[in-house]
$ cat target-v9.tsv   # TSV, C-alpha atoms
chain	number	residue	atom	x	y	z
R	242	GLN	CA	8.47	-7.54	16.74
R	243	VAL	CA	7.19	-5.40	13.90
R	244	GLN	CA	5.15	-7.19	11.31
R	245	LEU	CA	3.49	-6.00	8.14
R	246	VAL	CA	1.55	-8.67	6.29
R	247	GLU	CA	0.04	-7.86	2.92
R	248	SER	CA	-2.70	-9.75	1.17
R	249	GLY	CA	-5.19	-9.31	-1.64
R	250	GLY	CA	-2.99	-9.31	-4.71
R	251	GLY	CA	-3.72	-11.37	-7.77
R	252	LEU	CA	-4.50	-11.41	-11.46
R	253	VAL	CA	-7.16	-9.02	-12.70
R	254	GLN	CA	-8.34	-7.90	-16.12
R	255	PRO	CA	-7.87	-4.33	-17.31
R	256	GLY	CA	-10.59	-2.16	-15.87
R	257	GLY	CA	-11.02	-4.42	-12.88
R	258	SER	CA	-10.57	-3.83	-9.17
R	259	LEU	CA	-8.61	-5.26	-6.28
R	260	ARG	CA	-8.32	-4.42	-2.63
R	261	LEU	CA	-5.03	-4.91	-0.86
R	262	SER	CA	-4.78	-5.28	2.90
R	263	CYS	CA	-1.86	-4.77	5.24
R	264	ALA	CA	-2.17	-6.06	8.78
R	265	ALA	CA	0.32	-4.36	11.06
R	266	SER	CA	1.60	-4.87	14.56
R	267	LYS	CA	-0.37	-2.68	16.91
R	268	SER	CA	2.80	-1.09	18.24
R	269	ILE	CA	3.76	0.22	14.83
R	270	PHE	CA	0.35	0.94	13.36
R	271	SER	CA	-0.75	3.52	15.89
R	272	ASN	CA	2.40	5.60	15.67
R	273	SER	CA	3.28	5.54	12.00
R	274	ILE	CA	2.54	6.99	8.65
R	275	MET	CA	1.35	4.00	6.67
R	276	GLY	CA	1.76	3.67	2.96
R	277	TRP	CA	1.68	1.54	-0.13
R	278	TYR	CA	4.57	1.37	-2.57
R	279	ARG	CA	5.04	-0.64	-5.72
R	280	GLN	CA	7.86	-1.90	-7.85
R	281	ALA	CA	7.43	-3.01	-11.44
R	282	PRO	CA	10.04	-5.16	-13.19
R	283	GLY	CA	13.02	-3.07	-14.19
R	284	LYS	CA	11.76	0.01	-12.37
R	285	GLN	CA	12.45	1.66	-9.06
R	286	ARG	CA	10.10	1.30	-6.15
R	287	GLU	CA	7.65	4.18	-6.06
R	288	ALA	CA	5.19	5.55	-3.56
R	289	VAL	CA	1.55	4.93	-4.41
R	290	ALA	CA	-0.38	6.30	-1.44
R	291	ILE	CA	0.14	7.22	2.18
R	292	ILE	CA	-2.11	7.85	5.14
R	293	THR	CA	-1.22	9.59	8.36
R	294	GLY	CA	-2.39	8.82	11.85
R	295	ALA	CA	-4.91	11.62	11.49
R	296	GLY	CA	-6.21	10.13	8.29
R	297	ARG	CA	-4.66	12.55	5.83
R	298	THR	CA	-3.91	10.94	2.49
R	299	ASN	CA	-1.65	11.57	-0.44
R	300	TYR	CA	-1.47	9.81	-3.79
R	301	ALA	CA	0.85	9.45	-6.72
R	302	ASP	CA	-0.47	11.35	-9.73
R	303	SER	CA	-0.72	8.11	-11.68
R	304	VAL	CA	-3.32	6.65	-9.31
R	305	LYS	CA	-5.32	9.70	-8.24
R	306	GLY	CA	-9.01	9.14	-8.75
R	307	ARG	CA	-8.55	5.39	-9.12
R	308	PHE	CA	-6.96	4.23	-5.85
R	309	THR	CA	-8.09	4.88	-2.31
R	310	ILE	CA	-6.05	4.28	0.82
R	311	SER	CA	-7.87	3.80	4.10
R	312	LYS	CA	-7.32	2.24	7.48
R	313	ASP	CA	-9.19	0.47	10.23
R	314	ASN	CA	-7.68	1.43	13.56
R	315	ALA	CA	-9.55	-1.31	15.39
R	316	LYS	CA	-7.98	-3.93	13.14
R	317	ASN	CA	-4.56	-2.29	12.74
R	318	THR	CA	-5.03	-2.67	9.03
R	319	VAL	CA	-4.43	-0.43	6.04
R	320	TYR	CA	-6.21	-0.96	2.75
R	321	LEU	CA	-5.63	0.04	-0.83
R	322	GLN	CA	-8.71	-0.07	-3.00
R	323	MET	CA	-7.63	-0.13	-6.62
R	324	ASN	CA	-10.14	0.54	-9.37
R	325	SER	CA	-9.86	0.94	-13.13
R	326	LEU	CA	-6.67	-1.06	-13.14
R	327	ASN	CA	-4.48	-1.08	-16.21
R	328	SER	CA	-1.31	-2.82	-17.27
R	329	GLU	CA	0.81	0.03	-15.88
R	330	ASP	CA	-0.38	-0.95	-12.41
R	331	THR	CA	1.23	-4.38	-12.65
R	332	ALA	CA	3.83	-4.54	-9.88
R	333	LEU	CA	4.80	-5.98	-6.56
R	334	TYR	CA	2.98	-3.90	-3.96
R	335	TYR	CA	4.55	-3.30	-0.57
R	336	CYS	CA	3.10	-2.03	2.66
R	337	ASN	CA	5.28	0.49	4.47
R	338	ALA	CA	5.34	1.94	7.98
R	339	ARG	CA	7.28	5.02	9.03
R	340	PRO	CA	7.11	5.69	12.76
R	341	VAL	CA	6.77	9.38	13.40
R	342	LEU	CA	9.23	9.36	16.30
R	343	SER	CA	12.08	7.39	14.78
R	344	ALA	CA	14.06	7.00	11.58
R	345	ASP	CA	13.04	3.36	11.20
R	346	ILE	CA	11.24	2.16	8.12
R	347	TYR	CA	9.40	-1.13	7.94
R	348	TRP	CA	8.34	-3.10	4.89
R	349	GLY	CA	6.05	-6.00	4.27
R	350	GLN	CA	6.97	-8.92	2.06
R	351	GLY	CA	4.96	-7.66	-0.90
R	352	THR	CA	1.94	-8.89	-2.80
R	353	GLN	CA	1.86	-9.26	-6.56
R	354	VAL	CA	-0.71	-7.43	-8.66
R	355	THR	CA	-0.91	-8.41	-12.31
R	356	VAL	CA	-3.27	-6.65	-14.71
R	357	SER	CA	-3.69	-8.62	-17.88
R	358	SER	CA	-6.36	-9.89	-20.21
$ encode --input "target-v9.tsv" --output "structure tokens"
Amino acid sequence: QVQLVESGGGLVQPGGSLRLSCAASKSIFSNSIMGWYRQAPGKQREAVAIITGAGRTNYADSVKGRFTISKDNAKNTVYLQMNSLNSEDTALYYCNARPVLSADIYWGQGTQVTVSS
């Protein structure tokens, strides 16, 4: 059974930092492009950052230079380090897995990030 479990969200002041974690099933982690998406109230879900099995990364323009996606293969975990947060980053953040050999897409349950003073 595929599982993606996010953690690390919370309330942070503007300019602050948070690190999100996504623990994945081993079966899906090692064969997928892993990513973080977010959805703010009234907006569509958007891609934030992705990382391939080889460690290549890609970021949305809005987070470049502030967010860093990384992974720990030994722990089957993907991270999103978020720095210099602002109110525009407030959203529900989802972990995503796209297996490279199938059309399946998996989502976690989401973790809320709120940036507010």
$ closest_residue --input "target-v9.tsv" --among "R:Leu259, R:Ile346, R:Val354, R:Val253" --to "Gln322 of chain R" --atoms "only C-alpha atoms"
R:Leu259
$ residues_around --input "target-v9.tsv" --residues "segment 293-309 of chain R" --least-positions-apart "4" --cutoff "7 Å" --atoms "only C-alpha atoms" --output "PDB file with C-alpha atoms, in the coordinates of the input"
ATOM      1  CA  SER R 271      -0.750   3.520  15.890  1.00  0.00           C
ATOM      2  CA  ASN R 272       2.400   5.600  15.670  1.00  0.00           C
ATOM      3  CA  SER R 273       3.280   5.540  12.000  1.00  0.00           C
ATOM      4  CA  ILE R 274       2.540   6.990   8.650  1.00  0.00           C
ATOM      5  CA  MET R 275       1.350   4.000   6.670  1.00  0.00           C
ATOM      6  CA  ALA R 288       5.190   5.550  -3.560  1.00  0.00           C
ATOM      7  CA  VAL R 289       1.550   4.930  -4.410  1.00  0.00           C
ATOM      8  CA  LEU R 321      -5.630   0.040  -0.830  1.00  0.00           C
ATOM      9  CA  GLN R 322      -8.710  -0.070  -3.000  1.00  0.00           C
ATOM     10  CA  MET R 323      -7.630  -0.130  -6.620  1.00  0.00           C
ATOM     11  CA  ASN R 324     -10.140   0.540  -9.370  1.00  0.00           C
ATOM     12  CA  SER R 325      -9.860   0.940 -13.130  1.00  0.00           C
TER      13      SER R 325
END
$ axis_aligned_box --input "target-v9.tsv" --around "segment 242-245 of chain R" --padding-each-side "8 Å" --output "JSON"
{"center_x": 6.0, "center_y": -6.5, "center_z": 12.4, "size_x": 21.0, "size_y": 18.1, "size_z": 24.6}
$ residues_around --input "target-v9.tsv" --residues "Trp277 of chain R" --least-positions-apart "3" --cutoff "6 Å" --atoms "all atoms listed in the file" --output "CSV table (one decimal) with C-alpha atoms, keeping the file's coordinate frame"
chain,number,residue,atom,x,y,z
R,289,VAL,CA,1.6,4.9,-4.4
R,290,ALA,CA,-0.4,6.3,-1.4
R,335,TYR,CA,4.6,-3.3,-0.6
R,336,CYS,CA,3.1,-2.0,2.7
R,337,ASN,CA,5.3,0.5,4.5
$ atom_distance --input "target-v9.tsv" --atom1 "atom CA of Lys284 of chain R" --atom2 "atom CA of Asp330 of chain R"
12.2 Å
